[in-house]
$ cat model_38.cif   # mmCIF, C-alpha atoms
data_query
#
loop_
_atom_site.label_atom_id
_atom_site.label_comp_id
_atom_site.auth_asym_id
_atom_site.auth_seq_id
_atom_site.Cartn_x
_atom_site.Cartn_y
_atom_site.Cartn_z
CA MET A 1 0.00 0.00 0.00
CA LYS A 2 1.62 3.21 -1.06
CA GLY A 3 2.18 6.08 1.30
CA TYR A 4 1.70 9.67 0.31
CA SER A 5 3.68 12.75 0.94
CA CYS A 6 1.06 15.09 2.28
CA LYS A 7 1.20 17.43 5.24
CA GLU A 8 -1.73 19.17 6.74
CA HIS A 9 -2.41 21.64 4.00
CA GLY A 10 -3.36 18.85 1.64
CA LEU A 11 -5.85 17.27 4.02
CA PRO A 12 -9.60 17.63 3.94
CA LYS A 13 -10.96 19.88 6.64
CA LEU A 14 -10.96 18.01 9.93
CA ALA A 15 -13.47 18.29 12.76
CA PRO A 16 -13.26 17.72 16.50
CA ALA A 17 -13.74 14.01 17.33
CA ASP A 18 -12.51 12.80 13.95
CA VAL A 19 -10.75 9.48 14.43
CA VAL A 20 -7.21 9.24 13.08
CA LEU A 21 -5.98 5.76 12.18
CA ILE A 22 -2.29 5.08 11.88
CA ARG A 23 -0.36 2.25 10.33
CA HIS A 24 3.31 1.93 11.29
CA ARG A 25 5.47 0.98 8.33
CA LYS A 26 8.65 -1.04 8.66
CA ASN A 27 7.86 -2.06 12.23
CA LEU A 28 7.85 -5.78 12.95
CA PHE A 29 5.79 -5.64 16.14
CA ARG A 30 3.21 -3.42 14.56
CA TYR A 31 3.04 -5.80 11.58
CA CYS A 32 2.43 -8.67 14.01
CA LEU A 33 -0.25 -6.63 15.76
CA ARG A 34 -2.07 -5.97 12.50
CA LYS A 35 -1.94 -9.66 11.60
CA PHE A 36 -3.26 -10.52 15.06
CA LEU A 37 -6.11 -8.05 14.67
CA GLY A 38 -6.77 -8.93 11.06
CA ALA A 39 -6.68 -5.23 10.31
CA ASP A 40 -4.78 -2.68 8.23
CA TRP A 41 -4.32 -0.28 11.16
CA ASP A 42 -2.44 -0.55 14.45
CA HIS A 43 -2.96 2.74 16.26
CA ALA A 44 -5.71 5.30 16.75
CA ALA A 45 -5.92 8.91 17.89
CA LEU A 46 -8.61 11.55 18.08
CA VAL A 47 -8.68 15.08 16.68
CA VAL A 48 -9.24 17.51 19.56
CA PHE A 49 -8.27 20.85 17.97
CA PRO A 50 -8.46 20.96 14.18
CA ARG A 51 -6.29 23.46 12.37
CA GLN A 52 -8.11 26.70 11.69
CA GLU A 53 -7.75 28.62 8.44
CA ASP A 54 -7.66 31.94 10.30
CA GLY A 55 -4.46 30.81 12.03
CA SER A 56 -5.94 30.78 15.54
CA VAL A 57 -4.98 27.11 15.77
CA GLU A 58 -1.92 26.58 13.63
CA HIS A 59 -1.72 22.79 13.75
CA THR A 60 -4.27 20.05 14.16
CA ILE A 61 -3.85 18.58 17.63
CA ILE A 62 -4.69 14.97 18.37
CA ALA A 63 -5.16 13.13 21.64
CA GLU A 64 -3.71 9.65 21.82
CA ALA A 65 -2.81 6.95 24.31
CA ILE A 66 0.79 5.96 23.63
CA ASN A 67 3.69 4.46 25.49
CA GLU A 68 6.55 6.69 24.42
CA ARG A 69 9.63 7.40 26.47
CA LEU A 70 9.94 11.14 27.10
CA SER A 71 13.02 11.14 29.30
CA ARG A 72 15.01 8.92 31.60
CA THR A 73 12.24 8.88 34.19
CA GLU A 74 9.10 9.75 32.31
CA ARG A 75 6.89 8.01 29.78
CA ASP A 76 4.04 9.44 27.79
CA THR A 77 0.59 8.04 28.45
CA VAL A 78 -2.52 9.84 27.25
CA THR A 79 -1.28 13.05 25.74
CA LEU A 80 -1.79 15.66 23.03
CA HIS A 81 0.42 15.93 19.95
CA ARG A 82 0.40 17.56 16.57
CA LEU A 83 -1.01 15.43 13.80
CA ASP A 84 2.12 16.50 11.89
CA LYS A 85 3.97 13.99 14.03
CA TYR A 86 2.61 11.33 11.69
CA LEU A 87 1.97 13.34 8.52
CA SER A 88 5.56 14.56 8.33
CA HIS A 89 6.90 11.01 8.03
CA PRO A 90 5.01 9.23 5.26
CA GLU A 91 7.89 6.79 4.98
CA ARG A 92 7.08 5.61 8.53
CA TYR A 93 3.32 6.07 8.83
CA ASP A 94 0.16 5.79 6.79
CA VAL A 95 -2.65 7.97 8.09
CA GLY A 96 -6.39 7.64 7.62
CA VAL A 97 -9.23 9.67 9.07
CA ARG A 98 -12.79 8.60 9.83
CA ARG A 99 -15.76 10.55 11.10
CA VAL A 100 -18.95 9.75 12.96
CA VAL A 101 -21.24 11.91 10.86
CA THR A 102 -24.31 11.37 13.05
CA LEU A 103 -22.89 13.40 15.96
CA ASN A 104 -23.97 16.94 16.64
CA ASP A 105 -21.53 19.67 17.70
CA GLU A 106 -22.25 19.31 21.39
CA GLU A 107 -21.58 15.58 21.29
CA ARG A 108 -18.34 16.16 19.42
CA PHE A 109 -17.13 18.56 22.07
CA ARG A 110 -18.05 16.12 24.82
CA VAL A 111 -15.91 13.49 23.10
CA VAL A 112 -13.04 16.00 23.02
CA TYR A 113 -13.53 16.96 26.66
CA TYR A 114 -13.43 13.31 27.68
CA MET A 115 -10.08 12.82 25.97
CA ILE A 116 -8.61 15.97 27.50
CA ALA A 117 -9.89 15.04 30.94
CA ASN A 118 -7.93 11.77 30.63
CA VAL A 119 -4.55 13.35 29.89
CA ASP A 120 -1.89 11.45 31.87
CA ALA A 121 -4.20 8.46 32.44
CA PRO A 122 -2.27 5.16 32.57
CA TYR A 123 -1.41 3.30 29.39
CA TRP A 124 -2.37 -0.36 29.23
CA GLY A 125 0.25 -2.08 27.13
CA TRP A 126 -0.39 -5.01 24.85
CA ASN A 127 1.08 -8.42 25.52
CA LYS A 128 3.68 -8.59 22.77
CA PRO A 129 4.87 -12.19 23.29
CA MET A 130 1.31 -13.46 23.33
CA VAL A 131 0.43 -11.49 20.21
CA VAL A 132 3.31 -13.19 18.39
CA ILE A 133 2.21 -16.61 19.67
CA ALA A 134 -1.35 -15.81 18.58
CA LEU A 135 -0.14 -15.48 15.00
CA PHE A 136 0.53 -19.24 15.00
CA SER A 137 -2.45 -20.42 17.04
CA ASN A 138 -6.07 -19.58 16.33
CA ARG A 139 -6.97 -20.80 19.79
CA VAL A 140 -4.55 -18.37 21.44
CA ARG A 141 -5.69 -15.63 19.10
CA ARG A 142 -9.33 -16.05 20.04
CA TRP A 143 -8.41 -16.21 23.73
CA LEU A 144 -6.28 -13.08 23.56
CA LEU A 145 -8.77 -11.08 21.49
CA GLY A 146 -11.28 -11.74 24.27
CA ARG A 147 -9.19 -9.96 26.90
CA GLN A 148 -6.50 -7.73 25.35
CA ARG A 149 -7.08 -4.07 26.05
CA PHE A 150 -6.00 -1.54 23.45
CA SER A 151 -5.48 1.75 25.23
CA CYS A 152 -5.51 3.92 22.11
CA SER A 153 -8.75 2.71 20.56
CA SER A 154 -10.62 1.72 23.72
CA LEU A 155 -10.14 5.23 25.09
CA ILE A 156 -11.68 6.61 21.92
CA GLN A 157 -14.61 4.22 22.23
CA LYS A 158 -15.07 5.27 25.86
CA ALA A 159 -15.03 8.92 24.87
CA PHE A 160 -17.82 8.41 22.35
CA TYR A 161 -19.76 6.20 24.74
CA ASP A 162 -19.61 8.88 27.42
CA ALA A 163 -20.53 11.71 25.07
CA VAL A 164 -23.88 10.58 23.76
CA SER A 165 -27.12 10.01 25.59
CA ARG A 166 -28.19 6.48 26.48
CA ASN A 167 -30.74 6.37 23.68
CA ASP A 168 -28.16 7.30 21.06
CA ARG A 169 -25.45 4.84 22.02
CA LYS A 170 -26.10 2.51 19.14
CA LYS A 171 -24.72 5.10 16.76
CA ILE A 172 -21.30 4.99 18.44
CA VAL A 173 -20.81 1.27 19.05
CA PHE A 174 -17.70 0.50 17.00
CA LYS A 175 -17.04 -3.11 17.98
CA GLN A 176 -19.13 -5.92 16.51
CA ASP A 177 -20.76 -8.63 18.60
CA THR A 178 -20.19 -7.10 21.99
CA VAL A 179 -22.20 -8.46 24.87
CA THR A 180 -21.57 -5.84 27.56
CA PRO A 181 -20.56 -2.16 27.74
CA LEU A 182 -17.43 -3.26 29.58
CA ILE A 183 -16.26 -5.46 26.70
CA LEU A 184 -17.12 -2.72 24.22
CA GLN A 185 -15.19 -0.03 26.03
CA GLU A 186 -12.16 -2.08 27.02
CA LEU A 187 -11.54 -4.27 24.00
CA THR A 188 -12.25 -2.07 20.98
CA SER A 189 -9.21 -2.25 18.73
CA PRO A 190 -7.90 0.00 15.94
CA GLY A 191 -9.20 -2.66 13.55
CA ASP A 192 -12.69 -2.24 14.97
CA LEU A 193 -12.49 1.51 14.40
CA ALA A 194 -11.40 0.90 10.81
CA ARG A 195 -14.13 -1.64 10.07
CA THR A 196 -17.13 -0.08 11.76
CA GLU A 197 -19.99 1.10 9.61
CA ARG A 198 -20.73 3.84 12.16
CA MET A 199 -18.02 6.04 10.63
CA GLU A 200 -17.28 7.36 7.18
CA TRP A 201 -13.86 7.71 5.64
CA ILE A 202 -12.71 11.30 5.38
CA LEU A 203 -9.23 10.31 4.28
CA ASP A 204 -8.50 6.78 3.15
CA PRO A 205 -4.95 6.19 1.88
CA ASN A 206 -6.18 3.01 0.21
CA MET A 207 -7.91 5.32 -2.23
CA VAL A 208 -4.79 7.39 -2.99
CA MET B 1 3.57 26.92 52.18
CA THR B 2 4.36 23.69 54.01
CA PRO B 3 3.33 20.37 52.48
CA GLU B 4 0.61 19.95 55.08
CA GLU B 5 -0.80 23.39 54.42
CA LEU B 6 -0.72 22.72 50.69
CA ARG B 7 -2.58 19.43 51.14
CA GLN B 8 -5.32 21.26 52.96
CA GLU B 9 -5.51 24.45 50.92
CA TRP B 10 -4.97 23.28 47.33
CA PRO B 11 -8.32 21.37 47.03
CA LYS B 12 -10.09 24.60 47.99
CA ILE B 13 -8.49 26.65 45.24
CA GLU B 14 -8.36 24.14 42.38
CA PRO B 15 -12.08 24.29 41.50
CA HIS B 16 -11.70 28.04 41.01
CA LEU B 17 -8.86 27.91 38.50
CA ARG B 18 -9.49 29.45 35.10
CA VAL B 19 -7.95 28.95 31.69
CA GLY B 20 -4.89 31.18 31.44
CA ASP B 21 -4.09 31.18 35.15
CA ILE B 22 -0.39 30.72 35.71
CA ILE B 23 0.72 27.93 38.01
CA LEU B 24 4.07 28.58 39.68
CA THR B 25 6.06 25.69 41.10
CA HIS B 26 8.84 25.43 43.63
CA SER B 27 10.76 22.18 43.89
CA ARG B 28 11.49 20.90 47.39
CA ARG B 29 13.50 17.95 46.11
CA LYS B 30 17.07 18.06 47.32
CA MET B 31 18.44 16.57 44.09
CA ASP B 32 16.71 19.07 41.77
CA PHE B 33 19.72 21.31 41.12
CA ILE B 34 18.42 23.29 38.18
CA PRO B 35 15.34 24.65 40.01
CA ARG B 36 17.56 25.57 42.95
CA ILE B 37 19.92 27.45 40.69
CA ILE B 38 17.00 29.30 39.12
CA GLN B 39 15.61 30.19 42.54
CA HIS B 40 18.99 31.43 43.72
CA LEU B 41 19.82 33.44 40.62
CA THR B 42 16.40 35.08 40.43
CA ASP B 43 16.01 35.61 44.21
CA SER B 44 12.63 34.00 43.93
CA HIS B 45 10.74 31.16 45.57
CA TRP B 46 9.60 29.97 42.15
CA SER B 47 11.48 28.04 39.49
CA HIS B 48 8.90 27.02 36.92
CA SER B 49 5.61 28.20 35.45
CA ALA B 50 2.79 26.48 33.62
CA LEU B 51 -0.59 27.60 32.34
CA VAL B 52 -4.04 26.24 33.02
CA PHE B 53 -5.17 24.68 29.73
CA ALA B 54 -8.51 23.22 30.77
CA ALA B 55 -10.45 23.58 33.98
CA GLY B 56 -14.09 23.60 34.96
CA ASP B 57 -15.16 24.86 31.53
CA MET B 58 -14.06 21.64 29.86
CA LEU B 59 -13.90 19.24 32.79
CA PRO B 60 -17.29 19.04 34.50
CA LEU B 61 -16.10 16.35 36.89
CA GLY B 62 -13.24 18.52 38.07
CA GLY B 63 -9.51 18.33 37.60
CA THR B 64 -7.12 20.66 35.87
CA ILE B 65 -5.02 20.24 32.78
CA ILE B 66 -1.94 22.43 32.36
CA ALA B 67 0.31 23.29 29.43
CA GLU B 68 4.00 23.85 30.07
CA ALA B 69 7.31 24.15 28.28
CA MET B 70 9.82 21.77 29.83
CA SER B 71 13.19 20.38 28.98
CA PRO B 72 13.67 18.15 27.00
CA THR B 73 10.16 17.58 25.68
CA GLY B 74 9.13 21.14 24.81
CA VAL B 75 5.52 22.26 25.11
CA ARG B 76 3.33 19.49 26.49
CA VAL B 77 0.02 19.10 28.24
CA HIS B 78 -0.29 17.34 31.60
CA ASN B 79 -2.59 16.81 34.50
CA ILE B 80 -1.81 19.17 37.36
CA LYS B 81 -1.74 16.17 39.66
CA ARG B 82 1.87 15.64 38.65
CA TYR B 83 2.54 18.54 41.01
CA SER B 84 -0.49 18.83 43.29
CA ASP B 85 -0.43 15.16 44.32
CA HIS B 86 3.14 15.59 45.57
CA PRO B 87 3.15 18.45 48.09
CA ASP B 88 6.25 16.95 49.71
CA ASP B 89 8.06 17.57 46.41
CA PHE B 90 6.47 20.77 45.12
CA ASP B 91 5.04 24.01 46.42
CA LEU B 92 2.43 25.67 44.20
CA GLY B 93 1.28 29.20 43.62
CA VAL B 94 -1.27 30.74 41.29
CA ILE B 95 -1.32 34.17 39.65
CA ARG B 96 -3.94 35.58 37.34
CA HIS B 97 -3.77 38.33 34.75
CA ARG B 98 -5.55 41.36 36.14
CA LYS B 99 -7.31 42.52 33.04
CA MET B 100 -7.82 39.52 30.75
CA ALA B 101 -11.37 39.18 29.50
CA GLU B 102 -12.96 35.79 29.92
CA GLU B 103 -13.38 35.26 26.19
CA HIS B 104 -9.65 35.92 25.68
CA ARG B 105 -8.86 32.98 27.90
CA THR B 106 -10.54 30.46 25.65
CA ASP B 107 -10.54 32.23 22.29
CA PHE B 108 -6.91 33.33 22.33
CA VAL B 109 -4.93 31.85 25.17
CA ARG B 110 -6.09 28.26 24.86
CA ASP B 111 -5.89 28.35 21.06
CA PHE B 112 -2.33 29.63 21.39
CA MET B 113 -1.41 26.88 23.83
CA ALA B 114 -2.96 24.24 21.59
CA SER B 115 -1.10 25.61 18.57
CA LYS B 116 2.23 25.40 20.34
CA ILE B 117 2.03 21.82 21.56
CA ASP B 118 5.20 19.95 20.57
CA THR B 119 7.16 23.20 20.08
CA PRO B 120 10.78 22.50 21.13
CA TYR B 121 12.27 23.76 24.38
CA ASP B 122 14.52 26.82 24.18
CA THR B 123 17.52 25.33 25.97
CA ALA B 124 19.99 27.77 24.43
CA ARG B 125 18.12 30.77 25.72
CA VAL B 126 17.72 29.33 29.20
CA VAL B 127 21.46 28.70 29.37
CA ASP B 128 22.15 32.21 28.08
CA TYR B 129 19.66 33.67 30.55
CA GLY B 130 21.37 31.74 33.34
CA PHE B 131 24.79 33.16 32.43
CA ALA B 132 23.30 36.64 32.25
CA LEU B 133 21.82 36.26 35.72
CA MET B 134 25.13 34.97 37.08
CA ALA B 135 26.97 37.88 35.53
CA ARG B 136 24.53 40.34 37.09
CA LYS B 137 24.34 38.68 40.50
CA TRP B 138 27.99 37.83 41.05
CA PHE B 139 29.88 40.42 39.02
CA GLY B 140 27.40 43.28 38.65
CA VAL B 141 27.76 43.05 34.88
CA GLU B 142 24.83 43.30 32.48
CA LYS B 143 25.17 40.68 29.76
CA LYS B 144 23.04 40.92 26.64
CA ILE B 145 20.64 38.02 26.26
CA THR B 146 20.14 36.50 22.83
CA GLU B 147 17.03 37.37 20.93
CA ILE B 148 14.04 35.16 21.40
CA ASP B 149 13.56 32.33 18.93
CA PRO B 150 9.84 32.57 18.10
CA ASN B 151 9.79 28.85 17.36
CA ARG B 152 10.99 27.75 20.79
CA PHE B 153 9.91 28.33 24.36
CA HIS B 154 10.98 27.95 27.92
CA CYS B 155 8.43 27.96 30.71
CA SER B 156 8.06 31.68 31.26
CA THR B 157 8.24 32.83 27.65
CA PHE B 158 5.53 30.29 26.88
CA SER B 159 3.35 31.57 29.72
CA HIS B 160 3.97 35.19 28.83
CA ARG B 161 3.35 34.83 25.11
CA ALA B 162 0.21 32.80 25.68
CA ILE B 163 -1.21 35.51 27.93
CA HIS B 164 -0.40 38.14 25.32
CA SER B 165 -1.42 36.02 22.32
CA HIS B 166 -4.00 38.59 21.32
CA ASP B 167 -1.29 41.29 21.04
CA VAL B 168 0.20 41.31 17.60
CA GLU B 169 3.25 43.41 18.52
CA ALA B 170 6.22 42.07 20.45
CA HIS B 171 6.06 42.82 24.15
CA PRO B 172 9.02 44.95 25.34
CA ASN B 173 9.56 43.00 28.59
CA GLU B 174 9.83 39.67 26.88
CA HIS B 175 13.62 39.66 26.49
CA ALA B 176 14.28 38.97 30.18
CA PHE B 177 11.76 36.36 31.19
CA GLY B 178 11.87 33.94 34.08
CA PRO B 179 9.20 32.93 36.63
CA ALA B 180 10.32 35.74 38.94
CA ASP B 181 9.70 38.30 36.19
CA LEU B 182 6.13 37.07 35.86
CA VAL B 183 5.60 37.53 39.59
CA ARG B 184 7.16 40.98 39.79
CA GLY B 185 5.84 42.35 36.50
CA GLY B 186 2.70 43.88 37.96
CA GLU B 187 0.39 42.41 35.33
CA PHE B 188 -0.77 39.61 37.58
CA GLU B 189 -2.55 39.34 40.87
CA TRP B 190 -2.03 36.62 43.41
CA VAL B 191 -4.71 33.99 43.66
CA PHE B 192 -2.91 31.50 45.88
CA ASN B 193 0.22 31.26 47.99
CA ARG B 194 1.86 34.62 47.53
CA GLN B 195 5.65 34.31 47.63
CA PRO B 196 8.38 36.58 46.19
#
$ encode --input "model_38.cif" --output "structure tokens"
Amino acid sequence: MKGYSCKEHGLPKLAPADVVLIRHRKNLFRYCLRKFLGADWDHAALVVFPRQEDGSVEHTIIAEAINERLSRTERDTVTLHRLDKYLSHPERYDVGVRRVVTLNDEERFRVVYYMIANVDAPYWGWNKPMVVIALFSNRVRRWLLGRQRFSCSSLIQKAFYDAVSRNDRKKIVFKQDTVTPLILQELTSPGDLARTERMEWILDPNMV
Amino acid sequence: MTPEELRQEWPKIEPHLRVGDIILTHSRRKMDFIPRIIQHLTDSHWSHSALVFAAGDMLPLGGTIIAEAMSPTGVRVHNIKRYSDHPDDFDLGVIRHRKMAEEHRTDFVRDFMASKIDTPYDTARVVDYGFALMARKWFGVEKKITEIDPNRFHCSTFSHRAIHSHDVEAHPNEHAFGPADLVRGGEFEWVFNRQP
């Protein structure tokens, strides 16, 4: 799948609560994760402040749950970054954007507020050895898919779940065949966000 | 303020924080040499500043999110609990701009802070500022400080420029900015824990 050299000025106009999907290129663990998930995407983030044409917000800011070392003693958890972090390196990342078009403005802002309120929340890592083992065993794969949390995408699912009223929750359920809200909110993966019919593609690099 | 006093008083003030309020920090940790040097050179209790990025307006369940420029990460957003949950390690103060309209806080200041996330830290200027302070304090010599790089920040230039984000022209005081300058500048009033 080809990448594209495109920074923010070439993007369609983004909105708060747009879901950004990322695929890491040339990364063995991320490749294994995608195979495990059966998906084209291995990370997810959420647009919290889209770039404004009037210059009041110069860069699109995303919220994401990551596990990045900041310094000798500090690791990133849930944090805000520029979307440029991914767009500026098309040789390392593919980027897609999806949107829940059925949300109103107030619901979008509630999704954003939820993400911001969770800045510095803990990151739940994925079990890398088990993911590799799951590539060779369907039994292990099914077992692990039933309990592996994905911090990045489950946080996004939680944000949407929290933002809408109880009667509207069906429009923001991104994971198929979930039995309980707990399973929905804890186990939603980047693949679920990519596959769901509840969102439309705003930017799909498969179409480039 | 002692750690015990801070434990008791901080929960009373936190719900009243507003976007654009400046959080001042003082490190009590014995091994934090850089903050101690800053405090000594500036004759101030304070060694670092951050800005309130989101408070009750965005966080109906409470809590406070701050934006700060720190070495080596640059401008980042954090939960204030990284300081307020550790009163044995940090003292906290709050100052507020005297004349900032409420709509400026969200329309200008927060947009500015959001725009500058991931901006690199201005290490060179902090080092230069440190030498200038040493020259003034120990030798009575005024050393010229390098011009500000508009694409980098340290804690106080970030705070100052965010507060003045609605001013198009460069602010004349900006070339000598540390946390102590924010405190003594006269633009701000004390909200919590007044210290020099």
$ closest_residue --input "model_38.cif" --among "B:His16, B:Arg98, B:His48, B:Arg76" --to "B:Ile117" --atoms "all atoms listed in the file"
B:Arg76
$ residues_near_point --input "model_38.cif" --point "(-7.5, -6.6, 25.9)" --cutoff "12 Å" --atoms "only C-alpha atoms" --output "ChimeraX atom specification"
/A:37,124-128,130-131,141-154,182-190
$ resolve_selection --input "model_38.cif" --expression "the PyMOL selection byres ((chain A) within 10 of (chain B))" --output "number ranges by chain"
A: 48-52, 55-62, 70-71, 76-82, 84-85, 109-110, 112-114, 116-121
$ atom_distance --input "model_38.cif" --atom1 "atom CA of B:His97" --atom2 "atom CA of B:Ser156"
14.0 Å
$ atom_distance --input "model_38.cif" --atom1 "atom CA of A:Tyr161" --atom2 "atom CA of A:Ile66"
20.6 Å
$ resolve_selection --input "model_38.cif" --expression "the PyMOL selection byres ((chain B and resi 188) around 9)" --output "PyMOL selection string"
chain B and resi 95-99+182-187+189-190
$ write_last_selection --input "model_38.cif" --atoms "C-alpha atoms" --output "mmCIF file, in the frame of the given file"
data_model
loop_
_atom_site.group_PDB
_atom_site.id
_atom_site.type_symbol
_atom_site.label_atom_id
_atom_site.label_comp_id
_atom_site.auth_asym_id
_atom_site.auth_seq_id
_atom_site.Cartn_x
_atom_site.Cartn_y
_atom_site.Cartn_z
ATOM 1 C CA ILE B 95 -1.320 34.170 39.650
ATOM 2 C CA ARG B 96 -3.940 35.580 37.340
ATOM 3 C CA HIS B 97 -3.770 38.330 34.750
ATOM 4 C CA ARG B 98 -5.550 41.360 36.140
ATOM 5 C CA LYS B 99 -7.310 42.520 33.040
ATOM 6 C CA LEU B 182 6.130 37.070 35.860
ATOM 7 C CA VAL B 183 5.600 37.530 39.590
ATOM 8 C CA ARG B 184 7.160 40.980 39.790
ATOM 9 C CA GLY B 185 5.840 42.350 36.500
ATOM 10 C CA GLY B 186 2.700 43.880 37.960
ATOM 11 C CA GLU B 187 0.390 42.410 35.330
ATOM 12 C CA GLU B 189 -2.550 39.340 40.870
ATOM 13 C CA TRP B 190 -2.030 36.620 43.410
#
$ atom_distance --input "model_38.cif" --atom1 "atom CA of A:Lys158" --atom2 "atom CA of A:Phe36"
22.5 Å
$ axis_aligned_box --input "model_38.cif" --around "stretch 160-174 of chain A" --padding-each-side "4 Å" --output "lines of an AutoDock Vina configuration file"
center_x = -24.2
center_y = 6.1
center_z = 22.1
size_x = 21.0
size_y = 19.2
size_z = 18.7
$ resolve_selection --input "model_38.cif" --expression "the PyMOL selection byres ((chain A and resi 96) around 10)" --output "MDAnalysis selection string"
chainID A and resid 19:23 41 44 93:95 97:98 194 201:206
$ closest_residue --input "model_38.cif" --among "B:Asp85, B:Gly74, B:Phe33, B:Ile23" --to "B:Ser159" --atoms "all atoms listed in the file"
B:Ile23
$ closest_residue --input "model_38.cif" --among "B:Thr25, B:Gln8, B:Thr42, B:Ser47" --to "B:Arg136" --atoms "all atoms listed in the file"
B:Thr42
$ closest_residue --input "model_38.cif" --among "B:Cys155, B:Ala162, B:Leu51, B:Val141" --to "B:Val94" --atoms "all atoms listed in the file"
B:Leu51
$ closest_residue --input "model_38.cif" --among "B:Tyr83, B:Trp10, B:Phe158, B:Phe90" --to "B:Arg29" --atoms "all atoms listed in the file"
B:Phe90
$ residues_around --input "model_38.cif" --residues "stretch 167-172 of chain A" --least-positions-apart "2" --cutoff "10 Å" --atoms "all atoms listed in the file" --output "list in words"
Val100, Val101, Thr102, Leu103, Gln157, Lys158, Ala159, Phe160, Tyr161, Asp162, Ala163, Val164, Ser165, Phe174, Lys175, Thr196, Glu197, Arg198 and Met199 of chain A
$ build_atoms --input "model_38.cif" --residues "stretch 189-194 of chain B" --atoms "all heavy atoms" --output "compact mmCIF listing (two decimals), in the coordinates of the input"
# COMPACT_ATOMS: atom_id res chain seq x y z
N GLU B 189 -2.20 39.30 39.46
CA GLU B 189 -2.55 39.34 40.87
C GLU B 189 -2.45 37.95 41.45
O GLU B 189 -2.66 36.95 40.75
CB GLU B 189 -3.98 39.89 41.04
CG GLU B 189 -5.04 39.07 40.34
CD GLU B 189 -6.41 39.72 40.43
OE1 GLU B 189 -6.53 40.79 41.06
OE2 GLU B 189 -7.35 39.15 39.87
N TRP B 190 -2.17 37.91 42.74
CA TRP B 190 -2.03 36.62 43.41
C TRP B 190 -3.40 36.03 43.68
O TRP B 190 -4.29 36.69 44.21
CB TRP B 190 -1.26 36.77 44.71
CG TRP B 190 0.21 36.84 44.48
CD1 TRP B 190 0.98 37.97 44.44
CD2 TRP B 190 1.09 35.74 44.24
NE1 TRP B 190 2.29 37.64 44.18
CE2 TRP B 190 2.38 36.28 44.06
CE3 TRP B 190 0.92 34.36 44.15
CZ2 TRP B 190 3.49 35.48 43.80
CZ3 TRP B 190 2.03 33.56 43.88
CH2 TRP B 190 3.31 34.13 43.72
N VAL B 191 -3.51 34.74 43.35
CA VAL B 191 -4.71 33.99 43.66
C VAL B 191 -4.46 33.02 44.81
O VAL B 191 -5.35 32.75 45.61
CB VAL B 191 -5.20 33.21 42.41
CG1 VAL B 191 -6.40 32.34 42.72
CG2 VAL B 191 -5.53 34.17 41.27
N PHE B 192 -3.21 32.54 44.88
CA PHE B 192 -2.91 31.50 45.88
C PHE B 192 -1.43 31.50 46.20
O PHE B 192 -0.59 31.55 45.32
CB PHE B 192 -3.33 30.13 45.30
CG PHE B 192 -3.08 28.96 46.20
CD1 PHE B 192 -3.87 28.74 47.32
CD2 PHE B 192 -2.03 28.08 45.95
CE1 PHE B 192 -3.64 27.66 48.14
CE2 PHE B 192 -1.80 26.99 46.77
CZ PHE B 192 -2.61 26.79 47.87
N ASN B 193 -1.15 31.48 47.50
CA ASN B 193 0.22 31.26 47.99
C ASN B 193 1.21 32.31 47.51
O ASN B 193 2.19 32.02 46.84
CB ASN B 193 0.72 29.84 47.60
CG ASN B 193 1.96 29.46 48.37
OD1 ASN B 193 2.37 30.14 49.31
ND2 ASN B 193 2.58 28.37 47.98
N ARG B 194 0.98 33.51 47.93
CA ARG B 194 1.86 34.62 47.53
C ARG B 194 3.25 34.43 48.11
O ARG B 194 3.42 34.31 49.33
CB ARG B 194 1.26 35.92 48.03
CG ARG B 194 2.05 37.15 47.58
CD ARG B 194 1.47 38.42 48.15
NE ARG B 194 2.18 39.57 47.60
CZ ARG B 194 1.61 40.55 46.93
NH1 ARG B 194 0.28 40.56 46.78
NH2 ARG B 194 2.32 41.54 46.44
